[in-house]
Amino acid sequence: MDGKTGQDLRSGGGRGPRRTRRLLGARATAALEALDHIGALLGLDAGWVVRSATPGLERLIGSPYETAVGRSLRALLAPATADAIIAALAEAVQAGNPAPVAGALVDERPVLLVPLPIRGPSAEIYVLITDLVIDVDALAIRRATAEVFRARLLEIEEQLAEAGLLFEIEDDIATSLDLAEVLPRVAEHAARLCRAQRVAVELLDPESGELRLSAVSGYPGPGEAPAPGAGGSLAGRAVSTGVPVEAADTGAEYHRYAGGEDARFGAALAVPVIAEGESLGALVFCRRAAQPFSESEVRRAQQLAHRAALAIRNARRHTGLTRQVVELREAQAQAVRAEKLAALGRLAAGAAHEINNPLAAIVGNAELLLRRELLPAGGAERVERILHSAYRVARIVKQLLSFVRAQPLELAPTDVTRVLRDVVADRKRDAELEGVRFLDELEPLPSMQADAAQLGQVFANILDNALDAVGEQPNPEHRVIRLASRARGQRVEIRVENTGPPIADAVLPNIFDPFFTTKGVGRGAGLGLSVCEGIVAAHGGRIRAENTAAGVVLVIELPLDARGEAAPPAEPAQPIAIA
């Protein structure tokens, strides 16, 4: 306890005389007011060092009473008799004898020192020191003064413990900026702080203005269901009035706080949660006994609500800032991508022409060689490999042009199943050479508005990837590509599943990114799935990849009424036509 304890004692800790009278009684108040005229009350530790004092000491020593705190009692007494006085006081304390001890202060002023039989949180010995010659045994004020001082010390000690607990709670709820962690902590701390069996956190939804039950002490989070009749509930009244609201004999409104228990609460208190003048919600304290909440409990609830409001505001601001950072990064990435695409478009336009011309010559001559009957042994196979590689280069060029120059959709009634089977037929020979089997589980689908050519490109890219994936299986019996389809309301779903190795979880979200590939150098440009995603999105659908127990599946969902919202028309590309 610091040197201001005496002043706090006389003023009631800033709460005024009314607080002191209510707490301690009229008799104690009279003693408190008379104490300064009689002398002073000292609190000393076991080494006889002054730990607290009342303002009346100033009249006795001629200097501010705070200067005595922290000094030895010997420094206040006449040097010649100081040791004898302290020895007599120690003997009286040891014997439990409250008899006064005569002594003198430094200025030789005679005083009486009376040990008092009280204990406090900040000192072990309390001594009344007075310069009045009085019959201490007949002095009723001695006991009244002890009562005042001890009660005040206990009140201050309680306030210090309360402040310490609130600081610990504030530190705990401030360690996280995630509301999912902050709100349950607030509820649990509130239940202990105010001796409530259940504490609920009701937060205002910024959009709907409804109170939503966001956390309850004692069991896992209740979800985000709106409070029934939030405007007229206890929490709603606290939010609307901005002051604590208390109710007794609570009814069904509070059953949802019971966590499945068959419990009825006898008293409830709702305290508004306000930050910077904005109502964020309310804390609702429920107890089973029909016992009103005390003034100190209401005060603690308000202090906790204030700290909770700061934590909630900070968590929401952090969430908002995080969202803005994510959006800013996405916008920056889009800007960088747009610039890259612009540069790539200029490069692709020139590269396509330069590549397609010699590629057309290679393909044409290779096809002529295959038509000849007299080829050296193994020559036909080598020419087929040349054609296969040329077709692959042509597809890469076509993908590059499709990516940088999105084509407008040409919608027409389309049999999607037929388109997929046609693409499979084109790859049947390559699949047989690699020992790959196709399992056709396609169901008939309704005719839909789609661009058959661009959907064919989607299926071609997906099947090419599937063929590469299953080719990694060492056992040819395990090289399987399964095709399935079904109608789901106004949408159709096409699944292409392969038995290749699964895609790493860290990689899976990136497989549709442009130029991202898991294949080795020279085996892929990383554009195929990106082109697929763009074409499917233009049809109003979506595409996703998933790992399964058997391998990897690509799922395409398309609406039956595709609107054809393609990218803005661009100059059509002129890749070579290769059968």
# chains A, B, ... in the order shown; residues from 1 in each chain; ligands from 1
$ residues_around --residues "Ala87 of chain A" --least-positions-apart "5" --cutoff "12 Å" --atoms "only C-alpha atoms" --output "number ranges by chain"
A: 47-48, 73-74, 81-82, 92-94, 101-103
$ residues_around --residues "Gly39 of chain A" --least-positions-apart "6" --cutoff "6 Å" --atoms "only C-alpha atoms" --output "list in words"
Gly56, Ile129 and Thr130 of chain A
$ residues_around --residues "segment 272-285 of chain A" --least-positions-apart "5" --cutoff "6 Å" --atoms "only C-alpha atoms" --output "PyMOL selection string"
chain A and resi 196+199-204+235+238-239+242+305+309
$ select_by_dssp --residues "segment 240-419 of chain A" --states "alpha helix (DSSP H)" --output "PyMOL selection string"
chain A and resi 240-241+295-371+379-404+416-419
$ closest_atom_pairs --of "segment 467-566 of chain A" --to "segment 419-440 of chain A" --cutoff "12 Å" --atoms "only C-alpha atoms" --output "CSV"
residue,atom,partner,partner_atom,distance
A:Leu467,CA,A:Ala431,CA,7.1
A:Asp468,CA,A:Glu434,CA,9.7
A:Ala469,CA,A:Val436,CA,10.6
A:Val470,CA,A:Val436,CA,7.4
A:Gly471,CA,A:Glu434,CA,6.8
A:Glu472,CA,A:Glu434,CA,10.3
A:Gln473,CA,A:Val436,CA,10.0
A:Pro474,CA,A:Gly435,CA,10.6
A:Asn475,CA,A:Gly435,CA,9.3
A:Pro476,CA,A:Gly435,CA,5.6
A:Glu477,CA,A:Gly435,CA,7.7
A:His478,CA,A:Val436,CA,8.2
A:Arg479,CA,A:Val436,CA,4.9
A:Val480,CA,A:Arg437,CA,4.9
A:Ile481,CA,A:Phe438,CA,4.9
A:Arg482,CA,A:Leu439,CA,4.6
A:Leu483,CA,A:Asp440,CA,5.2
A:Ala484,CA,A:Asp440,CA,6.8
A:Ser485,CA,A:Asp440,CA,9.5
A:Ile494,CA,A:Leu420,CA,9.3
A:Arg495,CA,A:Asp440,CA,10.7
A:Val496,CA,A:Leu439,CA,9.9
A:Glu497,CA,A:Leu439,CA,9.6
A:Asn498,CA,A:Phe438,CA,9.4
A:Thr499,CA,A:Val436,CA,10.1
A:Gly500,CA,A:Val436,CA,11.1
A:Ile556,CA,A:Leu420,CA,11.9
$ atom_distance --atom1 "atom CA of Ile312 of chain A" --atom2 "atom CA of Val186 of chain A"
9.9 Å
